[in-house]
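Let me begin by presenting the structure, written as structure tokens, before commenting on it.
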Amino acid sequence: MFNGSIPKEITDLHKLQFLDLSNNKLSGSVPEKIGNLEMLTSMSNTSLVVGDVISLVYSGVVLQIQWKKATEQLGVVYTYNTGIDLSRNFLEGTIPNDICLLKGLKMLNLSHNHLHGMIPMNVGNMVGLESLDLSFNRLAGHIPLSLTSIDPLSTLDLSYNNFSGMIPRGAHFDLVSLDGSAYVGNSLLCGHPTKKICEQLNPSISLPNSEAKENGKLVFYAAFVVGIGTGIWGFLLVLVLVFFLIKKKWWLGYWRFVDTVALRITGYILKK
């Protein structure tokens, strides 16, 4: 039942390997300097050591406790020896780019929050990532192509967001979600393994949905302004021409009347 924001000082825990704050009422954003977790920036971290007497060693899915030269296995604890789980909170903002510095991170779960923006384009730098869950957020834009370069990735869930464009493909990446469940709830996604055919074959050329909409609006407004301007100036030009034509006609009539009156007065005077 923790609430409030995640303190930025948590990134000073340089030896931290597993952070689980899931299922709370945390708000605010993911700490920007999360890349400062030094133990998660290297692929060589495979064990946890606490004090001089007790050593906790993750070996696959088995936790071992060494106590005065005696070793006892306590069974399965975690599948991953490193991980960050901030799921099921009320976190907002974007996914910080610094998170891509965590090359030794095995599991990242940011699902069921209110995150928006795009997945960092250099997410492929997280070369040790085995599980990525960003489902049930408000993320948008394209799925980065670099995600296909993470060979250990075996679990992926990007469902129920606002992603758009073509789903990237790769020999290994195609096997991560054969049934397409990782992409459900993203109506603007197309390509394998969905049944939607992409209109644009090159995802790097197409714009993110929000950017395309914005450009469409700009084109519409520009066309609207040009059309209104042309219409107004055309209308004013017609009014000016009509005015001069009417003025010319009235002017000639006026002088014709003056001439007639003058001639009549002159004739009357001559008769006298």
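We name chains A, B, ... following the order of the structure tokens; residues begin at 1 in each chain, and ligands are numbered from 1 as shown.
By chain and then residue number, the residues within 12 Å of A:Ser154 are Lys106, Met107, Gly128, Leu129, Glu130, Ser131, Leu132, Asp133, Leu147, Thr148, Ile150, Asp151, Pro152, Leu156, Asp157, His172, Phe173, Asp174, Leu175, Val176, Ser177, Leu178 and Ala182 of chain A, counting only C-alpha atoms and disregarding those fewer than 2 positions away in sequence.
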- Query: Can you list, as JSON, numbers by chain, every residue of stretch 160-197 of chain A that DSSP puts in strand (DSSP E or B)?
  - Reply: {"A": [162, 163, 164, 165, 166, 188, 189, 190]}
Limited to C-alpha atoms, could you put the picked residues into a file as a PDB file, in the first residue's frame?
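Generated file (result-v3.pdb):
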ATOM      1  CA  ASN A 162      -1.482   2.690 -28.718  1.00  0.00           C
ATOM      2  CA  PHE A 163       1.366   1.337 -30.853  1.00  0.00           C
ATOM      3  CA  SER A 164       1.124   1.811 -34.611  1.00  0.00           C
ATOM      4  CA  GLY A 165       2.866   0.801 -37.827  1.00  0.00           C
ATOM      5  CA  MET A 166       4.501  -2.442 -38.886  1.00  0.00           C
ATOM      6  CA  LEU A 188      -3.037   0.467 -35.465  1.00  0.00           C
ATOM      7  CA  LEU A 189      -0.414  -2.286 -35.620  1.00  0.00           C
ATOM      8  CA  CYS A 190      -0.066  -4.341 -38.788  1.00  0.00           C
TER       9      CYS A 190
END
- Query: From the list A:Leu115, A:Leu134, A:Ile99, A:Leu19, which residue is nearest A:Tyr80 when using only C-alpha atoms?
  - Reply: A:Leu19
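Counting only C-alpha atoms, the residue from A:Leu13, A:Ile95, A:Leu86, A:Val123 that sits nearest to A:Glu32 is A:Ile95.
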- For A:Leu158, which of A:Thr194, A:Ser111, A:Ser29, A:Ser146 is the closest residue, counting only C-alpha atoms? A:Ser111
- Query: Which residues come within 12 Å of A:Asn89, counting only C-alpha atoms, excluding same-chain residues fewer than 4 positions away, as a list of chain:residue names?
  - Reply: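 These residues fall inside the cut-off: A:Met1, A:Phe2, A:Asn3, A:Gly4, A:Ser5, A:Ile6, A:Asp20, A:Leu21, A:Ser22, A:Asn23, A:Asn24, A:Lys25, A:Leu26, A:Ser27, A:Gly28, A:Ser29, A:Val30, A:Asp85, A:Asn109, A:Leu110, A:Ser111, A:His112, A:Asn113, A:His114, A:Leu115, A:Phe136, A:Asn137.
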- Note on the structure: In terms of only C-alpha atoms, the residue from A:Leu91, A:Leu263, A:Leu101, A:Ile143 at minimal distance from A:Thr41 is A:Leu101
- Message: Could you check the closest approach to A:Tyr160 for each of A:Ile119, A:Met126, A:Val184, A:Leu102 and tell me which residue wins, using only C-alpha atoms?
- Response: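 Going through A:Ile119, A:Met126, A:Val184, A:Leu102 one by one, the smallest distance to A:Tyr160 is for A:Val184.
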- Query: For A:Tyr183, which residue among A:Asn161, A:Thr94, A:Asn122, A:Gln17 is the nearest when counting only C-alpha atoms?
  - Reply: A:Asn161
